[in-house]
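Pasting data_37.pdb here (PDB, C-alpha atoms):
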```pdb
ATOM      1  CA  MET A   1     -38.705   3.577  -8.925
ATOM      2  CA  SER A   2     -40.267   0.951  -6.669
ATOM      3  CA  LYS A   3     -38.322  -1.482  -4.575
ATOM      4  CA  ASP A   4     -39.020  -4.109  -7.243
ATOM      5  CA  ASP A   5     -38.565  -3.827 -10.986
ATOM      6  CA  LEU A   6     -39.160  -5.737 -14.223
ATOM      7  CA  ARG A   7     -36.580  -5.708 -17.009
ATOM      8  CA  ASP A   8     -36.523  -7.852 -20.120
ATOM      9  CA  GLY A   9     -39.194 -10.029 -18.507
ATOM     10  CA  VAL A  10     -37.065 -10.646 -15.398
ATOM     11  CA  ALA A  11     -38.607  -9.776 -12.032
ATOM     12  CA  LEU A  12     -36.047  -7.988  -9.857
ATOM     13  CA  THR A  13     -36.687  -7.941  -6.125
ATOM     14  CA  ASN A  14     -35.375  -6.375  -2.898
ATOM     15  CA  LEU A  15     -33.303  -3.930  -4.892
ATOM     16  CA  ASP A  16     -32.708  -1.451  -2.087
ATOM     17  CA  GLN A  17     -31.138  -3.957   0.288
ATOM     18  CA  PRO A  18     -27.388  -3.718   0.988
ATOM     19  CA  LEU A  19     -25.418  -5.985  -1.316
ATOM     20  CA  PHE A  20     -23.067  -7.252   1.410
ATOM     21  CA  ASP A  21     -21.193  -5.866   4.393
ATOM     22  CA  GLY A  22     -18.520  -3.454   3.232
ATOM     23  CA  ALA A  23     -19.877  -3.171  -0.296
ATOM     24  CA  GLY A  24     -21.064   0.404   0.028
ATOM     25  CA  ALA A  25     -23.629  -0.605  -2.574
ATOM     26  CA  THR A  26     -27.133  -2.012  -2.860
ATOM     27  CA  LYS A  27     -28.472  -4.847  -4.917
ATOM     28  CA  ARG A  28     -29.907  -2.188  -7.232
ATOM     29  CA  ASP A  29     -26.387  -0.840  -7.822
ATOM     30  CA  LEU A  30     -25.282  -4.326  -8.901
ATOM     31  CA  VAL A  31     -28.267  -4.801 -11.198
ATOM     32  CA  ASP A  32     -27.927  -1.342 -12.759
ATOM     33  CA  TYR A  33     -24.204  -1.804 -13.348
ATOM     34  CA  LEU A  34     -24.520  -5.260 -14.951
ATOM     35  CA  ASP A  35     -27.416  -4.047 -17.082
ATOM     36  CA  ALA A  36     -25.328  -1.108 -18.296
ATOM     37  CA  VAL A  37     -22.297  -3.260 -19.226
ATOM     38  CA  ALA A  38     -24.278  -6.213 -20.569
ATOM     39  CA  ASP A  39     -23.439  -5.524 -24.236
ATOM     40  CA  ARG A  40     -19.731  -5.334 -23.371
ATOM     41  CA  MET A  41     -19.657  -8.210 -20.887
ATOM     42  CA  LEU A  42     -21.814 -10.816 -22.638
ATOM     43  CA  PRO A  43     -19.380 -11.546 -25.513
ATOM     44  CA  GLY A  44     -16.927 -12.911 -22.922
ATOM     45  CA  LEU A  45     -19.610 -15.096 -21.323
ATOM     46  CA  ARG A  46     -21.494 -16.373 -24.342
ATOM     47  CA  ASP A  47     -21.507 -20.169 -24.848
ATOM     48  CA  ARG A  48     -19.084 -20.740 -21.963
ATOM     49  CA  PRO A  49     -20.012 -22.791 -18.878
ATOM     50  CA  LEU A  50     -20.333 -20.212 -16.121
ATOM     51  CA  SER A  51     -19.479 -20.265 -12.432
ATOM     52  CA  VAL A  52     -20.688 -17.378 -10.299
ATOM     53  CA  VAL A  53     -19.950 -16.173  -6.786
ATOM     54  CA  ARG A  54     -23.130 -15.354  -4.906
ATOM     55  CA  ILE A  55     -23.801 -13.856  -1.499
ATOM     56  CA  LEU A  56     -27.201 -14.261   0.109
ATOM     57  CA  ARG A  57     -28.457 -12.206   3.008
ATOM     58  CA  GLY A  58     -26.958 -13.364   6.279
ATOM     59  CA  GLN A  59     -24.829 -16.076   4.668
ATOM     60  CA  GLU A  60     -21.247 -16.573   3.575
ATOM     61  CA  ALA A  61     -20.367 -16.093  -0.087
ATOM     62  CA  PHE A  62     -20.197 -19.270  -2.186
ATOM     63  CA  MET A  63     -19.253 -20.268  -5.709
ATOM     64  CA  GLN A  64     -22.125 -21.763  -7.688
ATOM     65  CA  LYS A  65     -21.457 -24.062 -10.635
ATOM     66  CA  ASN A  66     -24.473 -26.353 -10.697
ATOM     67  CA  VAL A  67     -27.583 -24.270 -11.389
ATOM     68  CA  PRO A  68     -30.292 -24.437  -8.683
ATOM     69  CA  ARG A  69     -33.491 -26.382  -9.248
ATOM     70  CA  TYR A  70     -35.558 -23.203  -9.489
ATOM     71  CA  THR A  71     -33.590 -21.926 -12.502
ATOM     72  CA  PRO A  72     -36.067 -20.780 -15.180
ATOM     73  CA  ASP A  73     -36.458 -22.985 -18.251
ATOM     74  CA  TRP A  74     -35.339 -20.144 -20.509
ATOM     75  CA  VAL A  75     -31.871 -20.056 -18.935
ATOM     76  CA  ARG A  76     -29.699 -22.204 -21.194
ATOM     77  CA  THR A  77     -27.671 -24.884 -19.450
ATOM     78  CA  VAL A  78     -25.105 -27.470 -20.468
ATOM     79  CA  PRO A  79     -24.002 -30.673 -18.685
ATOM     80  CA  VAL A  80     -20.267 -30.929 -18.012
ATOM     81  CA  TRP A  81     -18.554 -33.938 -16.468
ATOM     82  CA  ALA A  82     -16.738 -33.065 -13.246
ATOM     83  CA  GLU A  83     -13.831 -35.427 -12.745
ATOM     84  CA  ALA A  84     -13.321 -34.413  -9.105
ATOM     85  CA  SER A  85     -16.864 -35.275  -8.029
ATOM     86  CA  LYS A  86     -17.436 -37.953 -10.697
ATOM     87  CA  ARG A  87     -20.729 -36.495 -11.836
ATOM     88  CA  LYS A  88     -22.277 -34.223 -14.409
ATOM     89  CA  ILE A  89     -22.779 -30.605 -13.417
ATOM     90  CA  SER A  90     -25.401 -28.451 -15.091
ATOM     91  CA  TYR A  91     -23.724 -25.123 -15.876
ATOM     92  CA  ALA A  92     -25.561 -22.045 -17.067
ATOM     93  CA  LEU A  93     -24.720 -20.322 -20.319
ATOM     94  CA  CYS A  94     -25.113 -16.580 -19.865
ATOM     95  CA  ASN A  95     -25.882 -15.689 -23.459
ATOM     96  CA  ASP A  96     -28.279 -12.772 -23.144
ATOM     97  CA  ARG A  97     -29.319  -9.762 -21.084
ATOM     98  CA  ALA A  98     -32.218 -11.573 -19.424
ATOM     99  CA  THR A  99     -29.956 -14.324 -18.089
ATOM    100  CA  LEU A 100     -27.446 -11.781 -16.780
ATOM    101  CA  LEU A 101     -30.246  -9.886 -15.038
ATOM    102  CA  TRP A 102     -31.571 -13.131 -13.547
ATOM    103  CA  PHE A 103     -28.124 -13.871 -12.117
ATOM    104  CA  ALA A 104     -27.885 -10.340 -10.744
ATOM    105  CA  ASN A 105     -31.228 -10.833  -9.001
ATOM    106  CA  GLN A 106     -29.774 -14.008  -7.472
ATOM    107  CA  ARG A 107     -27.027 -11.812  -5.953
ATOM    108  CA  ALA A 108     -24.398 -13.249  -8.264
ATOM    109  CA  VAL A 109     -21.594 -10.721  -7.912
ATOM    110  CA  GLU A 110     -18.704 -12.442  -9.731
ATOM    111  CA  TYR A 111     -18.757 -14.099 -13.195
ATOM    112  CA  HIS A 112     -16.155 -16.754 -14.063
ATOM    113  CA  PRO A 113     -16.502 -18.300 -17.544
ATOM    114  CA  THR A 114     -14.398 -21.176 -18.864
ATOM    115  CA  LEU A 115     -11.609 -20.626 -21.382
ATOM    116  CA  TYR A 116     -13.464 -22.754 -23.942
ATOM    117  CA  ARG A 117     -16.831 -22.657 -25.671
ATOM    118  CA  VAL A 118     -19.200 -25.593 -25.259
ATOM    119  CA  ASP A 119     -18.919 -26.673 -28.896
ATOM    120  CA  GLU A 120     -15.089 -26.825 -28.776
ATOM    121  CA  ARG A 121     -14.075 -28.071 -25.357
ATOM    122  CA  ASP A 122     -10.561 -29.064 -26.402
ATOM    123  CA  ARG A 123      -9.900 -25.770 -28.163
ATOM    124  CA  PRO A 124      -9.315 -23.004 -25.596
ATOM    125  CA  THR A 125      -9.888 -19.553 -26.996
ATOM    126  CA  HIS A 126      -7.462 -17.861 -24.621
ATOM    127  CA  LEU A 127      -4.170 -18.355 -22.833
ATOM    128  CA  VAL A 128      -4.116 -16.707 -19.394
ATOM    129  CA  LEU A 129      -1.388 -15.661 -16.997
ATOM    130  CA  ASP A 130      -2.650 -14.624 -13.576
ATOM    131  CA  ILE A 131      -0.189 -12.203 -11.962
ATOM    132  CA  ASP A 132      -0.402 -12.112  -8.178
ATOM    133  CA  PRO A 133       1.713  -9.649  -6.152
ATOM    134  CA  PRO A 134       2.843 -10.646  -2.649
ATOM    135  CA  GLU A 135       0.817  -9.598   0.366
ATOM    136  CA  GLY A 136       1.360  -5.928   1.204
ATOM    137  CA  ALA A 137       3.133  -5.080  -2.063
ATOM    138  CA  VAL A 138       2.250  -2.026  -4.113
ATOM    139  CA  PHE A 139       0.181  -2.652  -7.228
ATOM    140  CA  GLU A 140       2.996  -1.327  -9.387
ATOM    141  CA  VAL A 141       4.987  -4.557  -8.984
ATOM    142  CA  ALA A 142       2.129  -6.516 -10.570
ATOM    143  CA  LEU A 143       2.198  -4.142 -13.533
ATOM    144  CA  GLN A 144       5.977  -4.502 -13.825
ATOM    145  CA  ALA A 145       5.585  -8.274 -13.892
ATOM    146  CA  ALA A 146       2.871  -7.939 -16.548
ATOM    147  CA  LEU A 147       5.357  -6.050 -18.718
ATOM    148  CA  LEU A 148       7.735  -9.021 -18.407
ATOM    149  CA  VAL A 149       4.965 -11.267 -19.733
ATOM    150  CA  ARG A 150       4.305  -8.825 -22.553
ATOM    151  CA  GLN A 151       7.989  -8.958 -23.525
ATOM    152  CA  ALA A 152       8.036 -12.767 -23.377
ATOM    153  CA  LEU A 153       4.973 -12.828 -25.620
ATOM    154  CA  ALA A 154       6.564 -10.418 -28.085
ATOM    155  CA  ASP A 155       9.708 -12.562 -28.185
ATOM    156  CA  ALA A 156       7.467 -15.453 -29.240
ATOM    157  CA  GLY A 157       5.667 -13.351 -31.855
ATOM    158  CA  MET A 158       2.463 -13.134 -29.818
ATOM    159  CA  ALA A 159       0.435 -10.439 -28.061
ATOM    160  CA  GLY A 160      -2.152 -10.129 -25.323
ATOM    161  CA  ALA A 161      -4.422  -7.714 -23.486
ATOM    162  CA  LEU A 162      -4.228  -6.613 -19.865
ATOM    163  CA  LYS A 163      -6.887  -6.121 -17.204
ATOM    164  CA  THR A 164      -7.087  -5.846 -13.454
ATOM    165  CA  SER A 165      -8.292  -9.014 -11.764
ATOM    166  CA  GLY A 166     -10.567  -6.915  -9.590
ATOM    167  CA  ALA A 167      -8.590  -8.172  -6.607
ATOM    168  CA  LYS A 168      -4.922  -7.270  -6.056
ATOM    169  CA  GLY A 169      -3.405  -8.548  -9.304
ATOM    170  CA  VAL A 170      -3.749  -8.453 -13.077
ATOM    171  CA  HIS A 171      -4.502 -10.865 -15.903
ATOM    172  CA  VAL A 172      -2.720 -11.086 -19.229
ATOM    173  CA  ILE A 173      -5.180 -12.610 -21.709
ATOM    174  CA  VAL A 174      -3.916 -13.934 -25.034
ATOM    175  CA  PRO A 175      -6.493 -14.913 -27.690
ATOM    176  CA  VAL A 176      -5.391 -18.094 -29.469
ATOM    177  CA  VAL A 177      -6.623 -20.334 -32.246
ATOM    178  CA  GLY A 178      -5.983 -23.878 -33.415
ATOM    179  CA  ALA A 179      -4.363 -25.241 -30.247
ATOM    180  CA  THR A 180      -5.496 -28.034 -27.939
ATOM    181  CA  THR A 181      -5.936 -27.728 -24.193
ATOM    182  CA  GLU A 182      -2.641 -29.555 -23.625
ATOM    183  CA  GLU A 183      -0.781 -27.281 -26.033
ATOM    184  CA  VAL A 184      -2.155 -24.095 -24.480
ATOM    185  CA  ALA A 185      -1.346 -25.345 -20.976
ATOM    186  CA  ALA A 186       2.228 -26.152 -22.003
ATOM    187  CA  ALA A 187       2.678 -22.783 -23.694
ATOM    188  CA  THR A 188       1.355 -21.017 -20.592
ATOM    189  CA  ARG A 189       3.964 -22.725 -18.407
ATOM    190  CA  ALA A 190       6.750 -21.804 -20.817
ATOM    191  CA  LEU A 191       5.569 -18.213 -21.066
ATOM    192  CA  ALA A 192       5.640 -17.852 -17.275
ATOM    193  CA  VAL A 193       9.151 -19.309 -17.063
ATOM    194  CA  ARG A 194      10.422 -17.033 -19.834
ATOM    195  CA  ALA A 195       8.957 -13.983 -18.107
ATOM    196  CA  GLU A 196      10.561 -15.068 -14.839
ATOM    197  CA  ARG A 197      13.958 -15.326 -16.552
ATOM    198  CA  LEU A 198      13.705 -11.715 -17.681
ATOM    199  CA  ASP A 199      13.755 -10.496 -14.070
ATOM    200  CA  PRO A 200      14.085 -13.288 -11.474
ATOM    201  CA  GLU A 201      14.396 -10.704  -8.701
ATOM    202  CA  LEU A 202      10.881  -9.448  -9.431
ATOM    203  CA  ALA A 203       8.893 -12.486 -10.565
ATOM    204  CA  THR A 204       8.656 -16.168  -9.731
ATOM    205  CA  THR A 205       6.805 -19.237 -10.932
ATOM    206  CA  ALA A 206       7.072 -20.934  -7.521
ATOM    207  CA  PHE A 207       3.634 -22.376  -6.772
ATOM    208  CA  VAL A 208       4.322 -22.904  -3.059
ATOM    209  CA  ARG A 209       3.805 -19.556  -1.335
ATOM    210  CA  GLU A 210       6.698 -19.982   1.112
ATOM    211  CA  ASP A 211       9.092 -20.396  -1.827
ATOM    212  CA  ARG A 212       8.228 -17.079  -3.492
ATOM    213  CA  GLU A 213      10.505 -14.936  -1.317
ATOM    214  CA  GLY A 214       8.283 -11.873  -1.581
ATOM    215  CA  LYS A 215       8.216 -11.900  -5.396
ATOM    216  CA  VAL A 216       5.314 -11.524  -7.801
ATOM    217  CA  PHE A 217       3.781 -14.910  -8.622
ATOM    218  CA  LEU A 218       3.251 -15.763 -12.293
ATOM    219  CA  ASP A 219       0.436 -18.305 -12.096
ATOM    220  CA  SER A 220       0.387 -20.555 -15.149
ATOM    221  CA  THR A 221      -2.332 -22.918 -13.897
ATOM    222  CA  ARG A 222      -5.297 -21.189 -15.567
ATOM    223  CA  ALA A 223      -5.642 -23.800 -18.277
ATOM    224  CA  GLY A 224      -7.800 -26.776 -19.204
ATOM    225  CA  GLY A 225     -11.105 -26.574 -17.366
ATOM    226  CA  ALA A 226     -10.049 -23.516 -15.385
ATOM    227  CA  THR A 227     -12.003 -20.284 -15.358
ATOM    228  CA  VAL A 228     -10.975 -16.636 -15.191
ATOM    229  CA  VAL A 229     -13.087 -13.747 -13.986
ATOM    230  CA  ALA A 230     -14.690 -11.960 -16.929
ATOM    231  CA  ALA A 231     -13.744  -8.459 -17.984
ATOM    232  CA  TYR A 232     -16.107  -5.948 -16.350
ATOM    233  CA  SER A 233     -17.201  -8.467 -13.699
ATOM    234  CA  PRO A 234     -17.578  -7.076 -10.174
ATOM    235  CA  ARG A 235     -15.664  -8.784  -7.356
ATOM    236  CA  LEU A 236     -17.002  -9.616  -3.936
ATOM    237  CA  ARG A 237     -14.628  -7.358  -2.043
ATOM    238  CA  PRO A 238     -14.990  -4.161  -0.040
ATOM    239  CA  GLY A 239     -16.048  -1.325  -2.332
ATOM    240  CA  VAL A 240     -16.984  -3.826  -5.090
ATOM    241  CA  PRO A 241     -14.054  -3.373  -7.478
ATOM    242  CA  VAL A 242     -14.447  -4.652 -11.039
ATOM    243  CA  SER A 243     -12.086  -6.407 -13.425
ATOM    244  CA  PHE A 244     -11.194  -3.557 -15.750
ATOM    245  CA  PRO A 245      -9.200  -3.269 -19.019
ATOM    246  CA  LEU A 246      -5.850  -1.479 -18.883
ATOM    247  CA  SER A 247      -3.780   0.066 -21.637
ATOM    248  CA  TRP A 248      -0.212  -1.214 -21.971
ATOM    249  CA  ASP A 249       0.837   2.348 -22.752
ATOM    250  CA  ASP A 250      -0.790   4.064 -19.784
ATOM    251  CA  LEU A 251      -0.036   2.235 -16.538
ATOM    252  CA  ASP A 252       1.363   5.107 -14.472
ATOM    253  CA  GLY A 253      -0.487   5.581 -11.211
ATOM    254  CA  VAL A 254      -3.063   2.862 -11.904
ATOM    255  CA  SER A 255      -4.711   1.287  -8.852
ATOM    256  CA  PRO A 256      -7.337  -1.484  -8.608
ATOM    257  CA  GLY A 257      -9.406   0.858  -6.448
ATOM    258  CA  ASP A 258      -9.865   3.157  -9.429
ATOM    259  CA  PHE A 259     -12.369   0.743 -10.953
ATOM    260  CA  THR A 260     -15.479  -0.030  -8.930
ATOM    261  CA  LEU A 261     -19.183  -0.612  -9.288
ATOM    262  CA  HIS A 262     -19.628   3.140  -8.830
ATOM    263  CA  THR A 263     -16.814   4.468 -11.058
ATOM    264  CA  ALA A 264     -16.396   2.014 -13.924
ATOM    265  CA  LEU A 265     -19.300   3.205 -16.053
ATOM    266  CA  ALA A 266     -18.102   6.792 -16.117
ATOM    267  CA  LEU A 267     -14.626   5.626 -17.091
ATOM    268  CA  LEU A 268     -16.035   3.487 -19.902
ATOM    269  CA  GLY A 269     -18.397   6.038 -21.357
ATOM    270  CA  SER A 270     -19.800   4.485 -24.524
ATOM    271  CA  GLY A 271     -16.620   2.549 -25.302
ATOM    272  CA  ASP A 272     -15.529  -1.048 -24.950
ATOM    273  CA  PRO A 273     -11.768  -0.938 -24.319
ATOM    274  CA  TRP A 274     -11.562  -4.685 -23.720
ATOM    275  CA  ALA A 275     -12.799  -5.466 -27.221
ATOM    276  CA  ASP A 276     -10.776  -2.613 -28.717
ATOM    277  CA  ARG A 277      -7.474  -3.711 -27.124
ATOM    278  CA  MET A 278      -7.831  -7.446 -27.637
ATOM    279  CA  PRO A 279      -5.543  -8.749 -30.415
ATOM    280  CA  GLU A 280      -6.903 -11.053 -33.087
ATOM    281  CA  PRO A 281      -6.725 -14.784 -32.227
ATOM    282  CA  GLN A 282      -3.247 -16.096 -33.037
ATOM    283  CA  PRO A 283      -1.547 -19.467 -33.387
ATOM    284  CA  VAL A 284       0.358 -20.618 -30.313
ATOM    285  CA  ASP A 285       4.117 -20.480 -30.856
ATOM    286  CA  ALA A 286       5.349 -24.052 -31.385
ATOM    287  CA  ALA A 287       8.577 -23.423 -29.472
ATOM    288  CA  LEU A 288       6.571 -22.327 -26.425
ATOM    289  CA  VAL A 289       4.603 -25.562 -26.542
ATOM    290  CA  GLU A 290       7.692 -27.746 -26.784
ATOM    291  CA  GLU A 291       9.457 -25.891 -24.000
ATOM    292  CA  GLY A 292       6.362 -26.056 -21.806
ATOM    293  CA  ARG A 293       6.053 -29.811 -22.167
ATOM    294  CA  SER A 294       9.334 -30.184 -20.309
ATOM    295  CA  ILE A 295       8.140 -27.987 -17.415
ATOM    296  CA  PRO A 296       6.292 -29.787 -14.599
ATOM    297  CA  ILE A 297       2.673 -28.790 -14.004
ATOM    298  CA  ALA A 298       2.857 -26.422 -11.033
ATOM    299  CA  ARG A 299       0.078 -27.935  -8.934
ATOM    300  CA  VAL A 300       1.341 -31.478  -9.409
ATOM    301  CA  ALA A 301       4.932 -30.494  -8.685
ATOM    302  CA  ALA A 302       3.809 -28.621  -5.563
ATOM    303  CA  MET A 303       1.846 -31.637  -4.348
ATOM    304  CA  HIS A 304       4.863 -33.939  -4.708
ATOM    305  CA  GLU A 305       7.142 -31.360  -3.109
ATOM    306  CA  GLY A 306       4.730 -30.985  -0.202
ATOM    307  CA  LYS A 307       4.785 -34.739   0.378
ATOM    308  CA  ARG A 308       8.584 -34.787   0.177
ATOM    309  CA  ARG A 309       8.897 -31.983   2.722
ATOM    310  CA  ALA A 310       6.421 -33.616   5.084
ATOM    311  CA  ARG A 311       8.355 -36.879   4.890
ATOM    312  CA  ALA A 312      11.631 -35.028   5.539
ATOM    313  CA  ARG A 313      10.121 -33.307   8.586
ATOM    314  CA  ARG A 314       8.920 -36.629  10.003
ATOM    315  CA  GLU A 315      12.323 -38.199   9.490
ATOM    316  CA  ALA A 316      14.030 -35.214  11.121
ATOM    317  CA  ASP A 317      11.663 -35.370  14.107
ATOM    318  CA  GLU A 318      12.336 -39.075  14.539
ATOM    319  CA  ALA A 319      16.087 -38.505  14.321
ATOM    320  CA  VAL A 320      16.094 -36.030  17.212
ATOM    321  CA  ALA A 321      13.473 -37.741  19.402
ATOM    322  CA  PRO A 322      14.858 -38.799  22.840
ATOM    323  CA  ALA A 323      15.472 -42.528  23.251
ATOM    324  CA  GLY A 324      12.810 -42.766  25.966
ATOM    325  CA  GLU A 325      10.152 -41.369  23.613
ATOM    326  CA  VAL A 326      11.132 -43.856  20.912
ATOM    327  CA  ALA A 327      10.996 -46.737  23.412
ATOM    328  CA  GLU A 328       7.612 -45.564  24.700
ATOM    329  CA  ALA A 329       6.265 -45.342  21.174
ATOM    330  CA  THR A 330       7.607 -48.828  20.462
ATOM    331  CA  ASP A 331       5.924 -50.253  23.590
ATOM    332  CA  GLN A 332       2.594 -48.942  22.315
ATOM    333  CA  SER A 333       2.838 -50.842  19.040
ATOM    334  CA  PRO A 334       0.249 -53.599  18.449
ATOM    335  CA  ASP A 335       1.232 -57.055  19.727
ATOM    336  CA  VAL A 336       1.284 -59.000  16.466
ATOM    337  CA  PRO A 337       3.353 -61.990  15.298
ATOM    338  CA  GLY A 338       6.721 -61.151  13.793
TER     339      GLY A 338
END
```

Translate the structure of the given file into structure tokens.
Amino acid sequence: MSKDDLRDGVALTNLDQPLFDGAGATKRDLVDYLDAVADRMLPGLRDRPLSVVRILRGQEAFMQKNVPRYTPDWVRTVPVWAEASKRKISYALCNDRATLLWFANQRAVEYHPTLYRVDERDRPTHLVLDIDPPEGAVFEVALQAALLVRQALADAGMAGALKTSGAKGVHVIVPVVGATTEEVAAATRALAVRAERLDPELATTAFVREDREGKVFLDSTRAGGATVVAAYSPRLRPGVPVSFPLSWDDLDGVSPGDFTLHTALALLGSGDPWADRMPEPQPVDAALVEEGRSIPIARVAAMHEGKRRARARREADEAVAPAGEVAEATDQSPDVPG
């Protein structure tokens, strides 16, 4: 095969170049892998605004939301209002093999779709809990925390599927139907708190890292316009791990390093365990929603707590400052009428 290739009408270039430092893989490896999993990966991307993480030669990795000007006309896009930047962003919709191959040729390693489809933006299709073990912890603690979430779901009459994040944690994904963004966000907060109650020595919902005390973090903030890395997506990390489905009944000895750009296809064979293990969409438990509405949104609560702590530190510093320093600071104040 030549250094360049043509697949599904997409010109693929520089395929034998290293993907990135530490990847142990070439751009061809990325293209071949994504091409092989396209039929299994595309259902999770279809009709969802897509963010990708790209890495160009000699540059730092970056997340791309707005499609570049040179995007081909046949790549479907959709405008989405971005409240943070007060502008419309043109997101790609990765609905077919050709688009996925085009992204691969752009060195897009990671694929992060939204939790909603473009035609139903206030109807998330999934509830997500992102389970993040503390730095240096064994992967097993993340799996133990995932089992707490599974139990909390079962107590609410619901069920979800489990996959590695492709980094150091796992995702519990719960397909839902008939709920608004606000309802799903509230239920996610309540689910995290209920899981924490089952074993508060193992898991925490504390958003501020210094408050977690070495526990597994149950992140309930993947709601609304948030994204989550797609099943089977590679991650831009050494060895190029991929986000891979796990079986609730076979977690012994599992490690994120088991699932990489080089090993995942052999493990999959001709199957699609993510589709096979995903429950049918289910109504969100009303009690979860009501409980969640009384739980502060983690990011907002953390912001207010950060301000409170900063104010307390300033007041403490002023209280212990020597009198001479206070007088000197006072002398430097502007000379204005009283």

Result set, the PyMOL selection byres ((chain A and resi 152) around 10) on current file, as a ChimeraX atom specification | /A:146-151,153-159,190-198

Point out the residue among A:Ala98, A:Ile297, A:Ala167, A:Ala266 with the least atom-to-atom distance to Thr221 (chain A), counting only C-alpha atoms.
-> A:Ile297

Straight-line distance linking CA of Gly166 (chain A) with CA of Thr13 (chain A), stated in Å to one decimal = 26.4 Å

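When the PyMOL selection byres ((chain A and resi 244) around 10) is evaluated against the file, it yields Leu162, Lys163, Thr164, Ser165, Gly166, Val170, His171, Ala230, Ala231, Tyr232, Ser233, Pro234, Pro241, Val242, Ser243, Pro245, Leu246, Pro256, Asp258, Phe259, Thr260, Ala264, Leu267, Leu268, Pro273 and Trp274 of chain A.
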
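Within the 7 Å cut-off around Val174 (chain A), using all atoms listed in the file and omitting residues fewer than 3 positions from it on the same chain, the listed residues are His126, Leu127, Val128, Ala159, Gly160 and Ala161 of chain A.
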
Go through A:Asp199, A:Asp16, A:Asp122, A:Asp47 one by one, measure the shortest atom-to-atom distance of each to Thr77 (chain A) using only C-alpha atoms, and give the residue with the smallest value.
->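 The shortest atom-to-atom distance to Thr77 (chain A) comes from A:Asp47.
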
With a distance cut-off of 8 Å and only C-alpha atoms, select the neighbouring residues of Asp96 (chain A), excluding the residue or stretch itself and same-chain residues fewer than 3 positions from it, and output the selection as a list in words.
->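 These residues fall inside the cut-off: Leu42, Arg46, Thr99 and Leu100 of chain A.
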